[in-house]
Amino acid sequence: MKELLEGIKRNGNGEKKIFHHESKLLVKDAVFVRHEGNLIKVKYEDILWLKGDGNYTTLITKTTVFSVRNILKEFESVLPTDQFLRIHKSYIVQISEIVSINPKEVKVGNDLVPVGRTYYHQLISGIQKVGNLGD
């Protein structure tokens with residue numbers, strides 16, 4: 001999967017030039033996942049959150065749940081960083097779908113997703129807060 005993200009080419013002077021494969025992708029707003037023998041297009045905007053569990057990742061969308069044989073880190077490397085954030089060693093959420101936050105969990109849609117201590121501070125520092133929150 002790493003090859004899908006970037007590669008290295010050498011120009012005539014032997015210098016390395018990094019290029020992103022994304023510019024060659026036909027579909028830039030979605031990822032395709034294998035499900036029941038087919039490749040299913042899942043738009044980034046439809047993904048609520050992802051859970052990593054060993055060699056598998058559970059992908060929760062607005063309408064469907066997919067279990068995919070890829071590690072969470074592979075998804076983290078292809079999902080747009082301005083739309084998705086890792087909030088736990090095993091969880092990534094779509095930022096725009098966050099409804100509420102507390103030190104233990106984040107509500108994404110109707111689901112409660114755990115937040116890791118180290119990720120909570122990064123999350124809190126990246127949002128606008130109004131009022132006396134005591135942080």
# chains A, B, ... in the order shown; residues from 1 in each chain; ligands from 1
>>> select_by_dssp(residues="region 82-127 of chain A", states="helix (DSSP H, G or I)", output="list in words")
Ile95, Ser96, Glu97, Arg117, Thr118, Tyr119, Tyr120, His121, Gln122, Leu123, Ile124 and Ser125 of chain A
>>> residues_around(residues="region 43-54 of chain A", least_positions_apart="4", cutoff="9 Å", atoms="only C-alpha atoms", output="count of residues only")
32
>>> atom_distance(atom1="CA of Leu85 (chain A)", atom2="CA of Lys104 (chain A)")
15.9 Å
>>> residues_around(residues="His121 (chain A)", least_positions_apart="5", cutoff="12 Å", atoms="only C-alpha atoms", output="list in words")
Arg86, Ile87, His88, Ile101, Asn102, Pro103, Lys104, Val115, Gly116, Gly126, Ile127 and Asp135 of chain A
>>> select_by_dssp(residues="region 37-74 of chain A", states="strand (DSSP E or B)", output="list in words")
Asn38, Leu39, Ile40, Lys41, Val42, Lys43, Ile47, Leu48, Trp49, Leu50, Lys51, Gly52, Asp53, Tyr56, Thr57, Thr58, Leu59, Ile60, Thr61, Val65, Phe66, Ser67 and Val68 of chain A
>>> write_last_selection(atoms="N, CA and C atoms", output="PDB file, in the first residue's frame")
ATOM      1  N   ASN A  38     -15.717  -7.880  -3.923  1.00  0.00           N
ATOM      2  CA  ASN A  38     -15.749  -6.670  -4.758  1.00  0.00           C
ATOM      3  C   ASN A  38     -14.924  -5.568  -4.117  1.00  0.00           C
ATOM      4  N   LEU A  39     -14.523  -4.619  -4.927  1.00  0.00           N
ATOM      5  CA  LEU A  39     -13.924  -3.399  -4.406  1.00  0.00           C
ATOM      6  C   LEU A  39     -15.037  -2.367  -4.307  1.00  0.00           C
ATOM      7  N   ILE A  40     -15.289  -1.911  -3.095  1.00  0.00           N
ATOM      8  CA  ILE A  40     -16.379  -0.979  -2.826  1.00  0.00           C
ATOM      9  C   ILE A  40     -15.796   0.410  -2.588  1.00  0.00           C
ATOM     10  N   LYS A  41     -16.351   1.396  -3.282  1.00  0.00           N
ATOM     11  CA  LYS A  41     -15.903   2.778  -3.119  1.00  0.00           C
ATOM     12  C   LYS A  41     -16.530   3.355  -1.850  1.00  0.00           C
ATOM     13  N   VAL A  42     -15.677   3.861  -0.970  1.00  0.00           N
ATOM     14  CA  VAL A  42     -16.132   4.497   0.261  1.00  0.00           C
ATOM     15  C   VAL A  42     -15.622   5.932   0.244  1.00  0.00           C
ATOM     16  N   LYS A  43     -16.537   6.881   0.117  1.00  0.00           N
ATOM     17  CA  LYS A  43     -16.147   8.292   0.096  1.00  0.00           C
ATOM     18  C   LYS A  43     -15.671   8.713   1.478  1.00  0.00           C
ATOM     19  N   ILE A  47     -17.167   8.260   5.864  1.00  0.00           N
ATOM     20  CA  ILE A  47     -16.488   7.543   6.949  1.00  0.00           C
ATOM     21  C   ILE A  47     -16.682   8.304   8.254  1.00  0.00           C
ATOM     22  N   LEU A  48     -17.158   7.605   9.277  1.00  0.00           N
ATOM     23  CA  LEU A  48     -17.303   8.204  10.596  1.00  0.00           C
ATOM     24  C   LEU A  48     -16.050   7.967  11.426  1.00  0.00           C
ATOM     25  N   TRP A  49     -15.660   6.690  11.556  1.00  0.00           N
ATOM     26  CA  TRP A  49     -14.464   6.360  12.320  1.00  0.00           C
ATOM     27  C   TRP A  49     -13.944   4.976  11.939  1.00  0.00           C
ATOM     28  N   LEU A  50     -12.710   4.703  12.358  1.00  0.00           N
ATOM     29  CA  LEU A  50     -12.063   3.429  12.060  1.00  0.00           C
ATOM     30  C   LEU A  50     -11.471   2.871  13.346  1.00  0.00           C
ATOM     31  N   LYS A  51     -11.502   1.549  13.464  1.00  0.00           N
ATOM     32  CA  LYS A  51     -10.913   0.879  14.617  1.00  0.00           C
ATOM     33  C   LYS A  51      -9.933  -0.181  14.142  1.00  0.00           C
ATOM     34  N   GLY A  52      -8.709  -0.098  14.613  1.00  0.00           N
ATOM     35  CA  GLY A  52      -7.696  -1.089  14.280  1.00  0.00           C
ATOM     36  C   GLY A  52      -7.700  -2.208  15.294  1.00  0.00           C
ATOM     37  N   ASP A  53      -7.548  -3.436  14.809  1.00  0.00           N
ATOM     38  CA  ASP A  53      -7.498  -4.604  15.673  1.00  0.00           C
ATOM     39  C   ASP A  53      -6.552  -5.610  15.027  1.00  0.00           C
ATOM     40  N   TYR A  56      -6.462  -6.276  11.104  1.00  0.00           N
ATOM     41  CA  TYR A  56      -7.752  -5.873  10.548  1.00  0.00           C
ATOM     42  C   TYR A  56      -8.128  -4.471  11.011  1.00  0.00           C
ATOM     43  N   THR A  57      -8.895  -3.794  10.178  1.00  0.00           N
ATOM     44  CA  THR A  57      -9.461  -2.500  10.535  1.00  0.00           C
ATOM     45  C   THR A  57     -10.954  -2.547  10.263  1.00  0.00           C
ATOM     46  N   THR A  58     -11.726  -2.079  11.229  1.00  0.00           N
ATOM     47  CA  THR A  58     -13.165  -1.938  11.047  1.00  0.00           C
ATOM     48  C   THR A  58     -13.432  -0.504  10.639  1.00  0.00           C
ATOM     49  N   LEU A  59     -14.103  -0.350   9.525  1.00  0.00           N
ATOM     50  CA  LEU A  59     -14.405   0.955   8.943  1.00  0.00           C
ATOM     51  C   LEU A  59     -15.891   1.212   9.153  1.00  0.00           C
ATOM     52  N   ILE A  60     -16.228   2.228   9.928  1.00  0.00           N
ATOM     53  CA  ILE A  60     -17.629   2.550  10.219  1.00  0.00           C
ATOM     54  C   ILE A  60     -18.022   3.734   9.340  1.00  0.00           C
ATOM     55  N   THR A  61     -19.005   3.525   8.465  1.00  0.00           N
ATOM     56  CA  THR A  61     -19.494   4.606   7.620  1.00  0.00           C
ATOM     57  C   THR A  61     -20.902   4.976   8.062  1.00  0.00           C
ATOM     58  N   VAL A  65     -20.791  -1.089   7.805  1.00  0.00           N
ATOM     59  CA  VAL A  65     -19.594  -1.423   8.559  1.00  0.00           C
ATOM     60  C   VAL A  65     -18.784  -2.410   7.720  1.00  0.00           C
ATOM     61  N   PHE A  66     -17.505  -2.093   7.502  1.00  0.00           N
ATOM     62  CA  PHE A  66     -16.621  -2.972   6.735  1.00  0.00           C
ATOM     63  C   PHE A  66     -15.511  -3.476   7.642  1.00  0.00           C
ATOM     64  N   SER A  67     -15.153  -4.740   7.489  1.00  0.00           N
ATOM     65  CA  SER A  67     -13.974  -5.293   8.137  1.00  0.00           C
ATOM     66  C   SER A  67     -12.964  -5.568   7.027  1.00  0.00           C
ATOM     67  N   VAL A  68     -11.815  -4.907   7.111  1.00  0.00           N
ATOM     68  CA  VAL A  68     -10.838  -4.948   6.035  1.00  0.00           C
ATOM     69  C   VAL A  68      -9.517  -5.481   6.570  1.00  0.00           C
TER      70      VAL A  68
END
>>> closest_residue(among="A:Lys28, A:His35, A:Lys107, A:Arg117", to="Thr64 (chain A)", atoms="only C-alpha atoms")
A:His35
>>> atom_distance(atom1="CA of Glu36 (chain A)", atom2="CA of Glu74 (chain A)")
20.5 Å
>>> atom_distance(atom1="CA of Ser77 (chain A)", atom2="CA of Gly37 (chain A)")
24.0 Å
